[in-house]
Structures are given as C-alpha cells and as structure tokens.
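Novice: Sending over model15.txt (compact mmCIF, C-alpha atoms).
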# COMPACT_ATOMS: atom_id res chain seq x y z
CA MET L 1 0.00 0.00 0.00
CA ALA L 2 2.92 2.36 0.66
CA ASP L 3 3.59 2.86 -3.05
CA VAL L 4 0.00 3.25 -4.30
CA LEU L 5 -0.37 6.59 -6.10
CA ILE L 6 -3.90 8.03 -6.43
CA LEU L 7 -5.06 11.09 -8.35
CA ALA L 8 -8.09 12.47 -6.49
CA ILE L 9 -10.77 15.01 -7.45
CA GLU L 10 -13.12 16.76 -5.01
CA THR L 11 -15.92 19.00 -6.38
CA ALA L 12 -18.80 18.29 -3.99
CA THR L 13 -18.78 21.83 -2.60
CA GLY L 14 -17.79 25.29 -3.82
CA CYS L 15 -14.31 24.71 -2.39
CA GLY L 16 -12.93 22.23 -4.91
CA SER L 17 -9.54 20.52 -4.90
CA VAL L 18 -7.27 18.07 -6.70
CA ALA L 19 -4.62 15.98 -4.98
CA LEU L 20 -2.00 13.31 -5.51
CA THR L 21 -1.63 10.89 -2.61
CA ARG L 22 0.56 7.91 -1.79
CA GLY L 23 -0.72 5.10 0.43
CA ALA L 24 -3.86 4.85 2.56
CA GLY L 25 -5.32 6.07 5.82
CA SER L 26 -3.22 7.50 8.63
CA THR L 27 0.01 6.17 7.12
CA GLY L 28 -0.62 7.74 3.71
CA LYS L 29 1.03 10.89 2.41
CA VAL L 30 -0.13 13.91 0.42
CA LEU L 31 2.35 14.60 -2.37
CA ALA L 32 0.53 17.62 -3.81
CA GLU L 33 -2.84 19.30 -3.39
CA TYR L 34 -4.43 22.39 -4.91
CA THR L 35 -7.55 23.86 -3.31
CA LEU L 36 -9.57 26.63 -4.90
CA GLN L 37 -12.71 28.58 -4.07
CA PRO L 38 -13.39 29.44 -7.71
CA GLU L 39 -15.09 32.52 -9.09
CA VAL L 40 -15.94 30.40 -12.12
CA ALA L 41 -17.35 26.88 -12.32
CA HIS L 42 -15.24 23.84 -11.48
CA ALA L 43 -15.42 22.80 -15.14
CA ARG L 44 -13.31 25.81 -16.20
CA ARG L 45 -10.41 25.02 -13.84
CA LEU L 46 -10.49 21.31 -13.05
CA LEU L 47 -8.32 19.75 -15.75
CA GLY L 48 -5.79 22.56 -15.41
CA LEU L 49 -5.48 21.79 -11.69
CA VAL L 50 -5.04 18.10 -12.45
CA ALA L 51 -2.15 18.84 -14.82
CA ALA L 52 -0.61 21.25 -12.30
CA VAL L 53 -0.71 18.70 -9.46
CA MET L 54 0.91 16.01 -11.60
CA ALA L 55 3.62 18.40 -12.73
CA ALA L 56 4.26 19.73 -9.21
CA ALA L 57 4.75 16.20 -7.86
CA GLY L 58 6.84 15.12 -10.82
CA VAL L 59 4.67 12.04 -11.34
CA GLY L 60 3.95 10.43 -14.70
CA TRP L 61 0.47 9.34 -15.69
CA ASP L 62 1.60 5.71 -15.99
CA GLN L 63 2.61 5.71 -12.32
CA LEU L 64 -0.96 6.20 -11.09
CA ALA L 65 -2.74 3.22 -9.51
CA GLY L 66 -6.20 4.77 -9.86
CA VAL L 67 -8.35 7.88 -10.15
CA ALA L 68 -10.50 8.80 -7.13
CA VAL L 69 -13.49 11.12 -7.06
CA SER L 70 -15.69 12.56 -4.33
CA GLN L 71 -19.02 10.84 -5.00
CA GLY L 72 -21.39 12.94 -2.91
CA PRO L 73 -23.63 14.03 -1.42
CA GLY L 74 -23.04 17.64 -2.31
CA SER L 75 -23.63 20.13 -5.09
CA PHE L 76 -25.45 18.36 -7.93
CA THR L 77 -23.58 20.32 -10.60
CA GLY L 78 -20.22 19.96 -8.88
CA LEU L 79 -20.66 16.20 -8.46
CA ARG L 80 -21.54 15.74 -12.12
CA ILE L 81 -18.49 17.74 -13.22
CA GLY L 82 -16.12 15.85 -10.93
CA MET L 83 -17.51 12.45 -11.86
CA ALA L 84 -17.35 13.15 -15.59
CA ALA L 85 -13.74 14.34 -15.31
CA ALA L 86 -12.71 11.31 -13.22
CA GLN L 87 -14.46 8.90 -15.58
CA GLY L 88 -12.74 10.46 -18.59
CA LEU L 89 -9.32 10.33 -16.96
CA ALA L 90 -9.74 6.76 -15.73
CA MET L 91 -10.85 5.61 -19.15
CA ALA L 92 -8.08 7.44 -21.00
CA LEU L 93 -5.41 6.14 -18.62
CA ALA L 94 -6.91 2.64 -18.32
CA LYS L 95 -6.84 3.00 -14.53
CA PRO L 96 -9.42 1.95 -11.90
CA LEU L 97 -12.09 4.50 -10.98
CA LEU L 98 -12.57 4.88 -7.21
CA PRO L 99 -15.66 6.84 -6.06
CA VAL L 100 -15.51 7.78 -2.36
CA PRO L 101 -18.55 9.18 -0.49
CA THR L 102 -17.81 12.80 0.36
CA LEU L 103 -18.74 12.47 4.03
CA ASP L 104 -16.51 9.38 4.41
CA GLY L 105 -13.59 11.46 3.20
CA LEU L 106 -14.50 14.26 5.59
CA ALA L 107 -14.57 11.82 8.51
CA THR L 108 -10.97 10.73 7.86
CA GLN L 109 -9.80 14.27 8.60
CA VAL L 110 -10.94 14.00 12.22
CA VAL L 111 -8.25 12.62 14.54
CA GLY L 112 -7.79 12.41 18.29
CA HIS L 113 -11.47 11.90 19.16
CA ASP L 114 -13.31 8.80 20.36
CA LEU L 115 -16.85 10.19 20.49
CA PRO L 116 -19.36 9.17 17.84
CA LEU L 117 -18.96 11.47 14.84
CA CYS L 118 -21.49 13.29 12.67
CA CYS L 119 -20.21 14.87 9.44
CA LEU L 120 -22.34 17.60 7.89
CA LEU L 121 -22.70 19.33 4.53
CA ASP L 122 -25.12 22.09 3.61
CA ALA L 123 -27.90 20.66 1.40
CA ARG L 124 -29.58 24.06 0.91
CA LYS L 125 -33.36 24.52 1.21
CA GLN L 126 -32.98 24.56 5.02
CA GLN L 127 -31.63 21.01 5.02
CA ILE L 128 -28.30 19.33 5.69
CA TYR L 129 -26.61 16.11 4.61
CA ALA L 130 -25.46 14.01 7.56
CA GLY L 131 -23.33 10.89 8.01
CA PHE L 132 -22.84 9.16 11.37
CA TYR L 133 -19.63 7.29 12.28
CA GLN L 134 -17.98 5.28 15.05
CA TYR L 135 -14.23 4.82 15.37
CA TRP L 136 -13.38 1.13 15.13
CA GLN L 137 -10.17 -0.74 14.31
CA THR L 138 -8.06 2.27 13.30
CA ARG L 139 -10.66 4.12 11.20
CA TRP L 140 -14.08 5.72 11.15
CA ARG L 141 -16.90 3.35 10.13
CA ARG L 142 -20.27 4.61 8.93
CA THR L 143 -23.10 3.40 11.19
CA ALA L 144 -26.17 4.40 9.15
CA PRO L 145 -27.18 5.44 5.62
CA PHE L 146 -26.59 9.06 4.64
CA LEU L 147 -29.44 11.38 5.56
CA VAL L 148 -30.86 14.65 4.28
CA LEU L 149 -32.87 16.37 6.98
CA SER L 150 -33.68 19.63 8.72
CA PRO L 151 -31.55 20.97 11.60
CA GLY L 152 -34.39 20.24 14.01
CA GLU L 153 -34.61 16.64 12.85
CA LEU L 154 -30.86 16.25 13.26
CA ALA L 155 -31.03 17.59 16.80
CA GLN L 156 -33.63 14.96 17.66
CA LEU L 157 -31.45 12.15 16.29
CA ILE L 158 -28.53 12.90 18.60
CA GLN L 159 -29.08 10.66 21.62
CA GLU L 160 -25.54 10.56 23.01
CA PRO L 161 -22.55 12.93 23.12
CA THR L 162 -21.60 13.33 19.46
CA LEU L 163 -18.86 15.32 17.74
CA LEU L 164 -20.18 17.45 14.87
CA VAL L 165 -17.90 18.60 12.05
CA GLY L 166 -18.12 19.96 8.52
CA PRO L 167 -19.27 23.04 6.60
CA GLY L 168 -22.91 22.05 7.16
CA LEU L 169 -22.55 23.33 10.72
CA ARG L 170 -23.15 26.85 9.46
CA ALA L 171 -26.67 25.85 8.43
CA CYS L 172 -27.62 24.38 11.81
CA ARG L 173 -25.44 26.07 14.44
CA ASP L 174 -28.33 27.59 16.39
CA GLU L 175 -30.18 24.28 16.68
CA MET L 176 -27.01 22.39 17.58
CA ALA L 177 -26.03 24.97 20.20
CA ALA L 178 -29.33 24.18 21.92
CA GLN L 179 -28.66 20.41 21.79
CA PRO L 180 -26.82 19.53 25.05
CA LEU L 181 -25.30 16.36 23.59
CA ALA L 182 -23.72 18.09 20.59
CA ARG L 183 -19.98 18.62 20.81
CA PHE L 184 -17.88 20.92 18.64
CA ALA L 185 -14.15 20.86 17.89
CA ASP L 186 -11.63 23.11 16.21
CA THR L 187 -12.19 20.95 13.14
CA GLY L 188 -15.84 22.00 13.00
CA LEU L 189 -15.58 23.88 9.72
CA LEU L 190 -13.39 21.40 7.86
CA HIS L 191 -14.11 21.26 4.15
CA PRO L 192 -13.98 18.08 2.05
CA ARG L 193 -10.48 17.63 0.60
CA ALA L 194 -9.24 15.74 -2.41
CA ALA L 195 -6.35 14.49 -0.27
CA SER L 196 -8.67 12.61 2.09
CA ILE L 197 -10.59 11.21 -0.89
CA GLY L 198 -7.32 9.87 -2.30
CA LEU L 199 -6.29 8.24 0.97
CA CYS L 200 -9.70 6.59 1.30
CA ALA L 201 -9.56 5.45 -2.32
CA ALA L 202 -6.28 3.60 -1.76
CA GLN L 203 -8.04 1.47 0.84
CA LEU L 204 -10.91 0.82 -1.59
CA LEU L 205 -8.39 -0.29 -4.19
CA ALA L 206 -6.86 -2.72 -1.69
CA ASP L 207 -10.35 -4.04 -0.92
CA GLY L 208 -11.10 -4.55 -4.62
CA ALA L 209 -13.82 -1.89 -4.74
CA ALA L 210 -12.90 -0.21 -8.04
CA LEU L 211 -15.79 0.32 -10.49
CA GLN L 212 -16.25 0.23 -14.22
CA GLU L 213 -16.36 3.86 -15.37
CA GLU L 214 -19.90 3.57 -16.75
CA ARG L 215 -21.23 2.18 -13.46
CA ALA L 216 -20.00 5.06 -11.30
CA VAL L 217 -22.68 7.64 -10.57
CA PRO L 218 -22.90 10.58 -8.15
CA LEU L 219 -24.46 9.91 -4.76
CA TYR L 220 -27.09 12.64 -4.55
CA VAL L 221 -29.12 11.34 -1.53
CA ARG L 222 -31.83 13.91 -2.32
CA ALA L 223 -33.74 14.09 -5.61
CA SER L 224 -32.57 16.81 -7.99
CA GLU L 225 -34.66 19.87 -8.79
CA ALA L 226 -35.40 18.43 -12.23
CA GLU L 227 -36.61 15.15 -10.70
CA LEU L 228 -38.81 16.99 -8.22
CA ASN L 229 -40.30 19.11 -11.00
CA LEU L 230 -40.96 16.00 -13.10
CA GLN L 231 -42.69 14.33 -10.16
CA THR L 232 -44.84 17.42 -9.61
CA MET L 233 -45.84 17.44 -13.28
CA LYS L 234 -46.76 13.74 -13.17
CA GLU L 235 -48.89 14.25 -10.07
CA ALA L 236 -50.63 17.24 -11.69
CA SER L 237 -51.31 15.16 -14.82
CA ARG L 238 -52.85 12.35 -12.79
CA LYS L 239 -55.12 14.78 -10.97
CA ALA L 240 -56.21 16.35 -14.23
CA VAL L 241 -57.34 12.99 -15.68
Let me see the structure of the file written as structure tokens.
Specialist:
Amino acid sequence: MADVLILAIETATGCGSVALTRGAGSTGKVLAEYTLQPEVAHARRLLGLVAAVMAAAGVGWDQLAGVAVSQGPGSFTGLRIGMAAAQGLAMALAKPLLPVPTLDGLATQVVGHDLPLCCLLDARKQQIYAGFYQYWQTRWRRTAPFLVLSPGELAQLIQEPTLLVGPGLRACRDEMAAQPLARFADTGLLHPRAASIGLCAAQLLADGAALQEERAVPLYVRASEAELNLQTMKEASRKAV
C-alpha cells in the first residue's frame, strides 16, 4: 500500500480541490494538493489543476494506480463535473475509478477523538446532509445510511454525546447549540479535501472496490430539482385525468 499513487478530485462543494496521494489512511502521504474557491465553475479550472498537481509532484500518468473522485452528497452540478472528469481520466489512462462518499472522506480528517462522529454538509433549502460514524479498528466506520434532513430533525437524532464537524454546521449552528449532547471541535468547519478522498480510495483499491467507469454515478441522496419538477408534473397530470 505504501507505493500506491492516487489522483483524487473533489468538487462536492464550492471549495474544490485536486490531490495526488501515496498510500492509505493515517500512514498515507499527500504529495501535492491544490484547493480553490473558484469565481468560475469547477469545469473551467479542473483539468488545469489536475495537470498542475501532476507536474508539481513530478509524477507520470503511468505511475498512477487509480483515479479517485468525491461521489457525494453535495452540489449536484459539482458532483456531475467531478464524476465526468474522473471517468474520462480513468478511461483514457486505463486505470481503476474509485468513487468515495464525500462524508466518508471528511470523517478521515478527524483525529484524536473517540466520540461518535457526525459529518455535515449544507444541502440548501434549510436542510443538511449528515453521516454518522464510530471509530473502530483504526478508522471511522459509517453506522447508518446518509441522511438529508432539517436541523431540528438532526437535533432529535442525537441521543448521546456526538462530535459534529463539517461546513454544514453553518446551516444548523443555532439548533445544535441548543442540543446539550452536541460537541464541537476546532475541526468543526473542515471542508472536504481531495487528499482525504485519495487516501480513502487507496483502501478501496486494496479491498477490490474499483468500479467500471460507466457504473459510477454521483451519490445525490436527495432528488434533484429536475426530478422533483418532473414528479410534480406527473402528479398534476394524474389529478387532471
């Protein structure tokens, strides 16, 4: 595992990044990482950042063991852009494609805590994406499916002291401040990073979890605006009959 090189792409939020990592988990290393809060869409900068990271690390394309991508949940547009770029690169390089759930990558950034963990992203529309984790056998393990819910609903779910982290905290800070079992750390506003996606992906590669490019799809959790509009139109049509 020490020599596994992964090119990783993270576009689930407005703060996108590209990284080159070696190895997995806590023993892995970040060789290069560029993070950008772009004024233009990820699509305009992404491939340029990929080329810059490879050049900065002095790594050839043939040395890569796989291409990792942040799978979601997150921004629908950002996830589609990142997935399309990762699929194209993996196909062109004939390398495994390694989708990593965004909240799983975020969890790996939290160290030195043994409380149950809840990672949060802003889902907009007064909702948040949440993933719950327990630390077991050297890494964080997800304990439930990803959720999209209101801050009030999240507050009701917390039944034991739980560490909350992630940019989604901004969308629910008032409700969480009133929840006596919620705990906050200096890492509370961590953003998803391509580096953590790469380190997680190396473990997936070791576990044989690579996917065919055409089978990899973003993990939206919530239906898109287009899907919701289509459902509304179908319901209106049924009522009109």
Novice: Using 9 Å as the limit and counting all atoms listed in the file, can you tabulate each residue of region 20-84 of chain L that touches region 105-124 of chain L, with its shortest atom-to-atom distance in Å and the two atoms involved, as JSON lines?
Specialist:
{"residue": "L:Gly25", "atom": "CA", "partner": "L:Thr108", "partner_atom": "CA", "distance": 7.6}
{"residue": "L:Ser26", "atom": "CA", "partner": "L:Thr108", "partner_atom": "CA", "distance": 8.4}
{"residue": "L:Ser70", "atom": "CA", "partner": "L:Gly105", "partner_atom": "CA", "distance": 7.9}
{"residue": "L:Pro73", "atom": "CA", "partner": "L:Leu121", "partner_atom": "CA", "distance": 8.0}
{"residue": "L:Gly74", "atom": "CA", "partner": "L:Ala123", "partner_atom": "CA", "distance": 6.8}
{"residue": "L:Ser75", "atom": "CA", "partner": "L:Ala123", "partner_atom": "CA", "distance": 7.8}
Novice: Taking C-alpha atoms for each residue, export the selection above as a short mmCIF file (atom, residue, chain, number, x, y, z; two decimals), keeping the file's coordinate frame.
Specialist:
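Done, and the output landed in out.cif:
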data_model
loop_
_atom_site.label_atom_id
_atom_site.label_comp_id
_atom_site.auth_asym_id
_atom_site.auth_seq_id
_atom_site.Cartn_x
_atom_site.Cartn_y
_atom_site.Cartn_z
CA GLY L 25 -5.32 6.07 5.82
CA SER L 26 -3.22 7.50 8.63
CA SER L 70 -15.69 12.56 -4.33
CA PRO L 73 -23.63 14.03 -1.42
CA GLY L 74 -23.04 17.64 -2.31
CA SER L 75 -23.63 20.13 -5.09
#
Novice: So how many Å separate CA of Ser150 (chain L) and CA of Leu103 (chain L), to one decimal?
Specialist: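 About the pair CA of Ser150 (chain L) and CA of Leu103 (chain L): they are 17.2 Å apart.
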Novice: Please write out, as AutoDock Vina command-line options, where the centre of an axis-aligned box around all listed atoms of region 5-18 of chain L lies and how long its edges are, in Å to one decimal, after adding 3 Å on each side.
Specialist:
--center_x -9.6 --center_y 15.9 --center_z -5.4 --size_x 24.4 --size_y 24.7 --size_z 12.0
Novice: If I take CA of Leu64 (chain L) and CA of Thr11 (chain L), how far is one from the other in Å, to one decimal?
Specialist: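 Going from CA of Leu64 (chain L) over to CA of Thr11 (chain L) covers 20.2 Å.
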Novice: L:Ala182, L:Ala202, L:Met54, L:Leu163: which is nearest Tyr135 (chain L), counting all atoms listed in the file?
Specialist: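 Ranking L:Ala182, L:Ala202, L:Met54, L:Leu163 by distance to Tyr135 (chain L), first place goes to L:Leu163.
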Novice: Calculate how many Å separate CA of Val148 (chain L) from CA of Ser17 (chain L), rounding to one decimal.
Specialist: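 Atom-to-atom, CA of Val148 (chain L) to CA of Ser17 (chain L), that is 23.9 Å.
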Novice: Taking into account only C-alpha atoms, which residue in the set L:Glu153, L:Asp104, L:Asp3, L:Glu160 is nearest to Ala24 (chain L)?
Specialist: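 Between L:Glu153, L:Asp104, L:Asp3, L:Glu160, the residue approaching Ala24 (chain L) most closely is L:Asp3.
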Novice: At a cut-off of 9 Å, using all atoms listed in the file, what residues contact Ile9 (chain L)? Leave out same-chain residues fewer than 5 positions from it and give the result as an mmCIF file with C-alpha atoms, in the frame of the given file.
Specialist:
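around-v8.cif written:
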data_model
loop_
_atom_site.group_PDB
_atom_site.id
_atom_site.type_symbol
_atom_site.label_atom_id
_atom_site.label_comp_id
_atom_site.auth_asym_id
_atom_site.auth_seq_id
_atom_site.Cartn_x
_atom_site.Cartn_y
_atom_site.Cartn_z
ATOM 1 C CA GLY L 16 -12.930 22.230 -4.910
ATOM 2 C CA SER L 17 -9.540 20.520 -4.900
ATOM 3 C CA VAL L 18 -7.270 18.070 -6.700
ATOM 4 C CA ALA L 19 -4.620 15.980 -4.980
ATOM 5 C CA LEU L 46 -10.490 21.310 -13.050
ATOM 6 C CA VAL L 50 -5.040 18.100 -12.450
ATOM 7 C CA VAL L 67 -8.350 7.880 -10.150
ATOM 8 C CA ALA L 68 -10.500 8.800 -7.130
ATOM 9 C CA VAL L 69 -13.490 11.120 -7.060
ATOM 10 C CA SER L 70 -15.690 12.560 -4.330
ATOM 11 C CA GLY L 82 -16.120 15.850 -10.930
ATOM 12 C CA MET L 83 -17.510 12.450 -11.860
ATOM 13 C CA ALA L 85 -13.740 14.340 -15.310
ATOM 14 C CA ALA L 86 -12.710 11.310 -13.220
ATOM 15 C CA ARG L 193 -10.480 17.630 0.600
ATOM 16 C CA ALA L 194 -9.240 15.740 -2.410
ATOM 17 C CA ALA L 195 -6.350 14.490 -0.270
ATOM 18 C CA ILE L 197 -10.590 11.210 -0.890
ATOM 19 C CA GLY L 198 -7.320 9.870 -2.300
#
Novice: Out of L:Arg222, L:Arg141, L:Lys125, L:Arg22, which residue has the shortest atom-to-atom distance to Ala57 (chain L) when counting all atoms listed in the file?
Specialist: L:Arg22
